[in-house]
Structures are given as C-alpha cells and as structure tokens.
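In what follows, a single structure is set out as structure tokens and then discussed.
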Amino acid sequence: MSEYAIEMLGITKSFGTLIANDEINLQVRKGEIHALLGENGAGKSTLMSILFGMYTPDKGKILIQGQEKKITGPRIATEYGIGMVHQHFQLVKNFTVLENIILGSETVRHGFLRYEQAREKVTELSRKYRLNIDLDAVVSDISVGMQQRVEIVKMLYRDNDILIFDEPTALLIPQEIEELMDIIRDLRKEGKSIIFITHKLKEIKAVCDRCTILRKGKYVDTVSVADTSTQELAELMVGRKLEKSDTRAQAVQKEEVMVVSELTMPSQDHKKNLLNNISFSLHRGEILCIAGIDGNGQNELVEALTGLNRSYTGTIRIGDTDITEKSIRFRNSHGLSCIPEDRHQYGLVLGYTLEQNLLLKKYRRQPFSRHGLIHFKECREYADRLIEEYDIRSAQGNATAARDMSGGNQQKVVVAREIDADADVLIAVQPTRGMDVGAIEGIHKSLFKQTEKDRAVCLISFELDEVFEISDRILVMYEGEIVGEFDPGKTTAEELGLYMSGAKRMEVRP
Amino acid sequence: MSRKAHLKKFLAALLPTVICIVMGLLVGFLILLFANPSQAANGFKTILSGGFVGGMRGIGNVFYYATPAMMVGLGVAVGFKTGVFNIGGSGQFVIGGYFAMLLAHTLQIPRPFSWIVPILAAAVTAAVWASIAGLLYVYFKVNIVISTILLNYIGMYLVNYLIRYTIYDSGKNQAKLTPESAQIPGMGLDILFPDSSLNGGFIIAVLFAILIYILLFKTTKGYEMIAGGLNPSASLLAGISVKKNTVLSMCISGALIGIGGALMFLSNSGKSISVVDTLAAEGFNGISVALLAGNHPLGVILSSIFIASITVGGFYMQAYRFVPEIIDIIVAVIIYFSAFSLLIMQNFEKLQIWLKNKREEGHEG
C-alpha cells in the first residue's frame, strides 16, 4: 500500500488560452490535514473540481491509495471515498437535517424510505465526532455553523475517507471556527485524510500538517507547516516580499461628519424590526467598521443610508444637512458615496462600457455635460485618468464593455468611481471581497488616503481580519441592532464573536 | 477609437443583419417554390427588386410605405433600447391616427398648422395611451408586455367606437378621408417622385430618427434611460430616477408610434382607419423594423425602407398570378424570419458570453 491517500501528479488543465492548472502536484498522506493555499485565481478550485470529477484534466494522473483511477464524475468520486464540503453549502433549505444527510444515498425498501436505519447511523456518527446536530430541525432554521456540521456528517455518512473542505471558515464566527478546528482534528485521529482549502494562514498554522502552495495556476512548493513561518507562507503564496502595512497615526477624534439617530426600519411582515433604534456617528478622518455576521441588518442599514429604502424612522445627517427625507441623487451630490456589496447588481451597468460606468454618477455635472448634452472628450479623458490611476486592466481600454472584464477589475471600476467621487462619507461594503492580496493592499491604501483628506469611511465587513487591520473603531451589529462598540487595539476576535453571535451586548452611546 | 476602427465596428454590427436578411429571403423563396414552382424564380426576382424597378414613382412608393413603419420602428426601438418592451404599437398607432384625423376634420385653421397640430395631437394622445402601461408597471408591477398587448385591443375598439360617433363614413365603413387642407405637403418630394403617394411625412420621419439618435446617444437623459434599462438597480443607486424614466420611455415610444399613425392618415393616398375587429398590422411590423435595425435609430431608417421595398415588391408579384394572401405570407415570412433570426443570433452571443463567464468563474475562487 502506498503512503499517500491521494496523489495528483502533473495535472494540467486549460480553458481556451488560460492555463488554470499547469503541471500541478498534490500528494496527501493518509491521516494528515493537508492545506491547499493560494490566492483567488491560483487554481485551487479547478484542481479540486478535477479531483471531484467535474473537469477532466488535459494531462496528468490521479492515484487513489496508490492505484491510478479515472474520475469521470462526482458519483465516481464518491465511490472512491472522496467527499467535499463546498464553500456554499449544498443543502435543501426546506428539508430536515436527516433528509439532507441521506439525500442521494437513501436506504430504500420496496420503494419506501427506511429512516430508522439511517437515523441510527447518523446518531452514532454525530456522537462519535461530537457533532451535536438536531436531526429533525429544518435546515433553514439552523445556524450556519450547524449547517456546516450537517455537511460534514453527510460526508461521513457516505463513508468518505478523503474529505475536502473548501474555505470552510468564511461564514463562521471565531467560536465556531474553534469548534470546526476541533472537529477536523478528531477526524484526523480517526484516520481520515483531509484537504483544507484556504487563504487564511492563521488557520493553516492551527491545524494543518503540510501545505501545498499554488500561484497563478502553477505548483510552488509543498512545505511542512511546523517548520514554516506565517510570513514565509504568505510570501510563497504571493510570490514577493510583503511589507507590513504601515500603521496609521491614531487620529484624535475630529468633528462628526455623519450622525445617524434612532434609525428604525420595520419589517414587511411586522414581526421584528429589520433595524432597531440604531444610533451612531462618524467622525472626519476615521474608518468606522460595522462588524457582524452576514444578514444581521447590514444590508438594510446600507439601504437606509444610501436612500434605496426609505421606509425608516429616525434621522440621518451629513454635516449640517438633514438627508433623512432626501432622494438618492441628493445624497450622492451632498457628500455620500457607496461601494455596494453586489457589484453586478448595484455597482455596474454591465452592458455599458468601462468609460460609461466610471461616469455613472458624474455624467450630469460639468464639464462632462452641459445643457443635457454629453461632452465625450472630457468624459474620455476623465475615464483614462482613473483607468491609469487605479490600474484597471481591460482588453479595449475605455471602450471595453464592463461585462467583458474580469471580476477583480470590475470591482476596481466601482472602487475607483466611488473613491474619486471624493465624498465626505464613503460607505464601503465588503470592498475587497474576492480580490487578491495585491489588489486588497491597493484598496486599503486608497481608503487610508481618503481619511488623510479628512473624509470618513464606514466599512461594512464580514472578515474580522480586515476589520482589525484597518478600522479605527468597531461597531458590532446583531439582529438589526448595534450591540457593542470597540477599540480594535483593546479587543480580541473572540470578544467580538460573543457580541456577533448575540451572546453578549452592551449599551452603546451614540 | 480611430475612424477606421469605428468603421470596422460598424460593419461588424451590420453583418448579422445582412446574414439574417439573406436567411429570411431563402425561406421566403422556399415558400414561393411551394406555392407556385413554375413562377417562383420570377416572383422572387420581383420581390427582390421591390419598388426600385418602377422608376422614381416606384421609389417614391417605397418611401411612402416606409414612413409609418419608420416611426413605429423608432418607437419600438426606443422602448427596447431603454428596457420597456412596448408591444402596444398597434393600439398607439390607431389612437394617434384617429385623433390626428379628428382634428384634421374639425379644426379650421390655416396651413401649415392644419397638419402640424393634428400631428402633435397624435403624439400627445398616443403618449398618454402608452403611459398607462408605464404607470401600471411602475406602481403595480404589471408586466409591460402583457399590458401593452391588452391595450392594443382596448385601443382598437375604442377607436372603432369613437369613429362611429365622429368622422364615420358609413358607405365605406371607415373614418372619413382627411380633407386636402390638412394633408401633409409634399415638401418637394412630390415633384422629385411624381405620381407616387409620397409626401413630406418621409422627411419628418427621417428627422425624428436623427432626433432620437441624438437623444439616446448624445444626451444625459438618453444615458440615464439606457442605463435604467440595462440595470435598474445600479442606476437607482447612482441617483437616476428609474421609475420616471420608465414612464418617459413609454411616452416617447408611444408618441413616435402615434405620429406614425398621423403621417399615414394625413395623406392623399386614400387610406383610412377601417372599422373592423383587426389590430393594425403596422404596430407589429414596427417590431420587425426595430429588431432588424438592432434597435438603432439610424438603422431604423434603412430597415424600414427594406421592409417597405419587400412589401411593394409583393404587390407587383400579382403579375405572376400569386394570390394576395400568398404574397402576404411570403412578405411576412421574410420580414419575421429576418427579425427572429437576428434575435436568435443576438441571444446566441449572450449565451456565448454567459458560457465564457461561467468558465472563468471556474478558474477563479
């Protein structure tokens, strides 16, 4: 028998002219936790899709327990004992936990489902691994952490020995991450082989034995985690020396630039307010971060502030102007700009060109138009300036359709437009989501530049690492309320987690 | 972009239209073969040469038929371009046409107001009629395609009813012909194209096409309207009042189509609104005109002339013993097949882009 549970050797896969995987090797020992590290677009997902039988590689071979196998589809992968917890869970929302677990491999007699046997097996599994799931709960009612445990049981129920976790901590709070790490360690103890896909180095250091690094579709190295520092891992991933981002001088709190008081937004079905009595103020030159788990009223808060949804009570003031009752256009021209979370829905007009998108909020102003007629020369010059300044790459320059640009560059278009609006208040919702380390650095730098100009940034982020890295002040939102205010220098991720999950709350003065 | 690049882009945009027209013609030829094999070749030649064989008179007639088609096509194109799918051209056409004729009969004012005022009236009434669908969508989320289709019938019956009580010619069961004092003048076209039905309406329609081109592509309003059609959410966040622009698009679309009705009936060609339970075909031909033009206002000028030429060619086919019904079928097949294959090709492109993006997502993440 081979010492490896899985070997992927010389895997090459290209899509058109793009080589997503170029001669990649991945060797996972039995009973080890093997990290697969790389930036977005490094080829991690493609490689795993090949292992899971969703793509056929152009070249290379896959060995399972030392024997070469052809994996032609997910069903075959499952037969060989490969299971995967996807980043976005593959659960049927209105089925119970048990129904979800057995879905696809039901025990049937005479065409009728036999739940008892399944229930027995699942109960035993969850006891063995201390997974603590409620078999009869409907999936839409349970927490994200529990949904993930359901996914894990699903793999165990199918007797999988090779478990793939794709960015498993993206949606979890710090406490849940801890629990997940314990579960993964238990799985290793039982002899399972685990592939852990991530770009978070802290987690690799916490649980992984070895780590394979990919960069731009190429194999970089496989290292032992214990012998490699976080800094070294980061440099292997990015391919260059990383400077520590310069710490900004802690600003003295300046005058208030936006004041929100007693903002309440009722729900459509009148059960519970979507936003409840939210009050806070934003000061010049600061980055205020609103942390929290996705879905706790952040979207509604952004909709209220931007004016997309005006069914609220309370007041919003920018500088001396009360904008509570004002239109979106008024707010846009009186000191508010916004990098929306969903760039395809709210950020860009995909059918428009790069140039037209950069001017989406400026076309009415001089010199870009006069008396309702657009001045194309000025527009073009402005667009070209932003394209250069923000390093926006596209096939045909300012005339490229936004639809034909890559995701990262599309995000740059939105960021460039909103930051260049030079508004007093910039609301940035997940501005770095899905971007690689270099681009994130760039965006953080431009946010810092805004604060140096005494503009204020209200950052809404679900990534605690980012929150700690750049914010001056943190507010935590839970179920439509602000439940805590923190100084990032004086708190920990664990403490924030308690507030984010609703376990603790404090009275917050506006 | 350089001038050369512009030209290249223009030709690339034109290519699918040409391919689709050829495909439409081929299918039309098959129908000809099926209907009357011995005369198919001659008939096809006639259709192809269209109105352009009849000298200046023939060309004049082509332009005459192109005029209302151009206006309706423009109206539909404005709607499609800005995200409102106005299928109510038929209703807006007769509403505009009726009110233009009504005023032509009742107003006793000197030229040129005697024909300008009815045209304006057609624009206003048709815009109001079209705005019903726009408002229903904005306030009650009633699908514009459905409401405009239904309004076609309401408009037709309403006009039939109104004609009976106002300008009814019971002998011919239609509205009374427009008096000469209110007919659109020739504007020199009557001299250039003698004996044809052509009048200054053609010039008015071309001017409108240029006007709409400027509105859509050179003004901030046009920029807003197109953006709102492409992505309402992003436009809203950018401060554009999408609802207002939706109603405005419907109004402009309806007004153009209504003017089409006025231009058709304020002429000396002997055409009038018949009191029958049939929707005006002009409203639907406009959709083909707009589709063939790729919803480009200047393209509408060409596509309406093409469709008019095919239609006139159809008339001449009677010389080869094709019955009028078969001619209608053939003309319709050519027009619709061209338009629909263009639609399919455009969606094919979308499908390709979608597939490409899908693949790229596979690389990322």
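Simple scheme: letters A, B, ... for chains in structure tokens order, numbers from 1 for residues in each chain, numbers from 1 for ligands in the order shown.
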Would you kindly report the residues of chain A within 9 Å of chain B, using only C-alpha atoms, as number ranges by chain? A: 15, 18-21, 39-46, 49, 217, 306-308, 327-333, 338, 340, 343-352, 356, 360-361, 363-364, 369-376, 399, 403-404, 406-407, 434
Go through range 23-246 of chain B and collect every residue that DSSP, computed from the backbone, puts in alpha helix (DSSP H); the answer should be as a PyMOL selection string. chain B and resi 23-35+40-49+55-81+89-106+113-140+144-165+189-192+201-218+220-230+232-237+242-246
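Atom to atom, CA of Lys449 in chain A and CA of Glu256 in chain A stand 18.6 Å apart.
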Skipping near chain neighbours, those fewer than 4 positions away, what residues fall within 9 Å of range 138-148 of chain B using only C-alpha atoms, listed as an mmCIF file with C-alpha atoms, in the first residue's frame?
```cif
data_model
loop_
_atom_site.group_PDB
_atom_site.id
_atom_site.type_symbol
_atom_site.label_atom_id
_atom_site.label_comp_id
_atom_site.auth_asym_id
_atom_site.auth_seq_id
_atom_site.Cartn_x
_atom_site.Cartn_y
_atom_site.Cartn_z
ATOM 1 C CA VAL B 84 -39.521 48.767 -21.902
ATOM 2 C CA PHE B 85 -40.939 46.129 -24.217
ATOM 3 C CA ASN B 86 -43.691 48.084 -25.875
ATOM 4 C CA ILE B 87 -45.725 45.615 -27.913
ATOM 5 C CA GLY B 88 -48.646 48.051 -27.910
ATOM 6 C CA GLY B 89 -47.708 49.758 -31.155
ATOM 7 C CA GLY B 91 -53.149 50.454 -30.255
ATOM 8 C CA ALA B 130 -48.775 54.343 -23.778
ATOM 9 C CA ILE B 132 -50.975 53.812 -18.952
ATOM 10 C CA ALA B 133 -48.818 50.719 -19.349
ATOM 11 C CA GLY B 134 -45.794 52.568 -17.959
ATOM 12 C CA ASN B 152 -53.963 47.102 -28.269
ATOM 13 C CA LYS B 243 -39.441 54.907 -12.456
ATOM 14 C CA LYS B 244 -39.784 58.345 -14.006
ATOM 15 C CA THR B 246 -39.614 54.138 -17.488
ATOM 16 C CA VAL B 247 -42.784 56.188 -17.866
#
```
Suppose you want the space between CA of Gly60 in chain A and CA of Thr212 in chain A; what is it in Å?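 CA of Gly60 in chain A sits 17.2 Å away from CA of Thr212 in chain A.
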Selection near Arg158 in chain A, 9 Å with only C-alpha atoms, sequence-local residues under 2 positions removed, as a PyMOL selection string: chain A and resi 78-79+81+83+102+105+153-156+160
Got time to write the residues from that selection, C-alpha atoms, as a short mmCIF file (atom, residue, chain, number, x, y, z; two decimals), in the first residue's frame?
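File out_12.cif, as written:
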```cif
data_model
loop_
_atom_site.label_atom_id
_atom_site.label_comp_id
_atom_site.auth_asym_id
_atom_site.auth_seq_id
_atom_site.Cartn_x
_atom_site.Cartn_y
_atom_site.Cartn_z
CA THR A 78 -17.94 9.46 -4.00
CA GLU A 79 -17.39 5.79 -4.82
CA GLY A 81 -14.44 7.82 -0.85
CA GLY A 83 -16.29 13.95 -0.13
CA ILE A 102 -29.45 10.79 3.33
CA SER A 105 -27.90 7.67 -0.84
CA VAL A 153 -21.99 14.31 8.62
CA LYS A 154 -23.15 13.95 5.04
CA MET A 155 -19.61 13.02 4.03
CA LEU A 156 -19.15 10.68 6.98
CA ASN A 160 -15.78 9.01 2.78
#
```
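Excluding Phe448 in chain A and any residue on its chain fewer than 3 positions from it, the residues at most 9 Å away by only C-alpha atoms are Arg248, Gly285, Glu286, Ile287, Ile443, His444, Lys445, Thr451, Glu452, Lys453, Val457 and Ile470 of chain A.
Closest approach to Met84 in chain A among A:Thr123, A:Lys59, A:Pro168, A:Thr12: A:Pro168, based on only C-alpha atoms.
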Name the closest residue to Phe196 in chain A among the candidates A:Ser281, A:Gln87, A:Thr491, A:Asn309; distances are taken between atoms, counting only C-alpha atoms. A:Gln87
Env of Ile307 in chain B: 12 Å cut, atoms = only C-alpha atoms, seq-sep filter 5 positions within chain, self excluded. Answer as an MDAnalysis selection string. chainID B and resid 21 24:25 47:48 50:51 62:70 73 282 285:293 300:302 312:314 331:336 338:339
Neighbouring residues of Glu466 in chain A were defined as those with any atom within 10 Å, considering only C-alpha atoms; residues of the same chain fewer than 4 positions away were excluded. Please report them as a VMD selection string. chain A and resid 289 430 432 440 444 459 461 to 462 470 to 471
Keeping only N, CA and C atoms, write the selected residues as a compact mmCIF listing (two decimals), in the first residue's frame.
```txt
# COMPACT_ATOMS: atom_id res chain seq x y z
N CYS A 289 -15.81 50.65 11.43
CA CYS A 289 -16.20 49.38 10.84
C CYS A 289 -17.45 48.83 11.51
N GLN A 430 -17.91 45.38 1.99
CA GLN A 430 -17.04 44.30 1.52
C GLN A 430 -16.22 44.72 0.30
N THR A 432 -13.26 44.51 -0.60
CA THR A 432 -12.15 43.68 -1.08
C THR A 432 -12.55 42.25 -1.33
N ILE A 440 -6.03 44.03 -2.74
CA ILE A 440 -6.57 44.42 -1.44
C ILE A 440 -5.71 45.52 -0.84
N HIS A 444 -7.02 49.19 0.29
CA HIS A 444 -6.83 49.71 1.65
C HIS A 444 -6.06 51.02 1.61
N LEU A 459 -17.01 51.21 6.94
CA LEU A 459 -16.70 49.94 6.30
C LEU A 459 -17.61 48.85 6.86
N SER A 461 -17.95 44.94 6.89
CA SER A 461 -17.14 43.80 6.52
C SER A 461 -17.51 42.59 7.36
N PHE A 462 -17.41 41.42 6.74
CA PHE A 462 -17.66 40.19 7.48
C PHE A 462 -16.35 39.49 7.82
N ILE A 470 -7.71 47.48 9.51
CA ILE A 470 -7.79 48.87 9.04
C ILE A 470 -8.73 49.78 9.85
N SER A 471 -9.53 49.27 10.76
CA SER A 471 -10.52 50.19 11.33
C SER A 471 -9.98 50.94 12.55
```
How many Å separate CA of Met187 in chain B from CA of His296 in chain B?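 These two atoms are separated by 26.4 Å.
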As a PyMOL selection string, please: all residues of range 23-259 of chain B that backbone DSSP puts in strand (DSSP E). chain B and resi 168-169+174-175
Any chance you could export the current selection's C-alpha atoms as a PDB file, in the first residue's frame?
```pdb
ATOM      1  CA  TYR B 168     -67.714  57.955 -39.753  1.00  0.00           C
ATOM      2  CA  ASP B 169     -68.052  57.261 -43.444  1.00  0.00           C
ATOM      3  CA  GLN B 174     -64.209  53.640 -42.179  1.00  0.00           C
ATOM      4  CA  ALA B 175     -63.176  57.078 -40.962  1.00  0.00           C
TER       5      ALA B 175
END
```
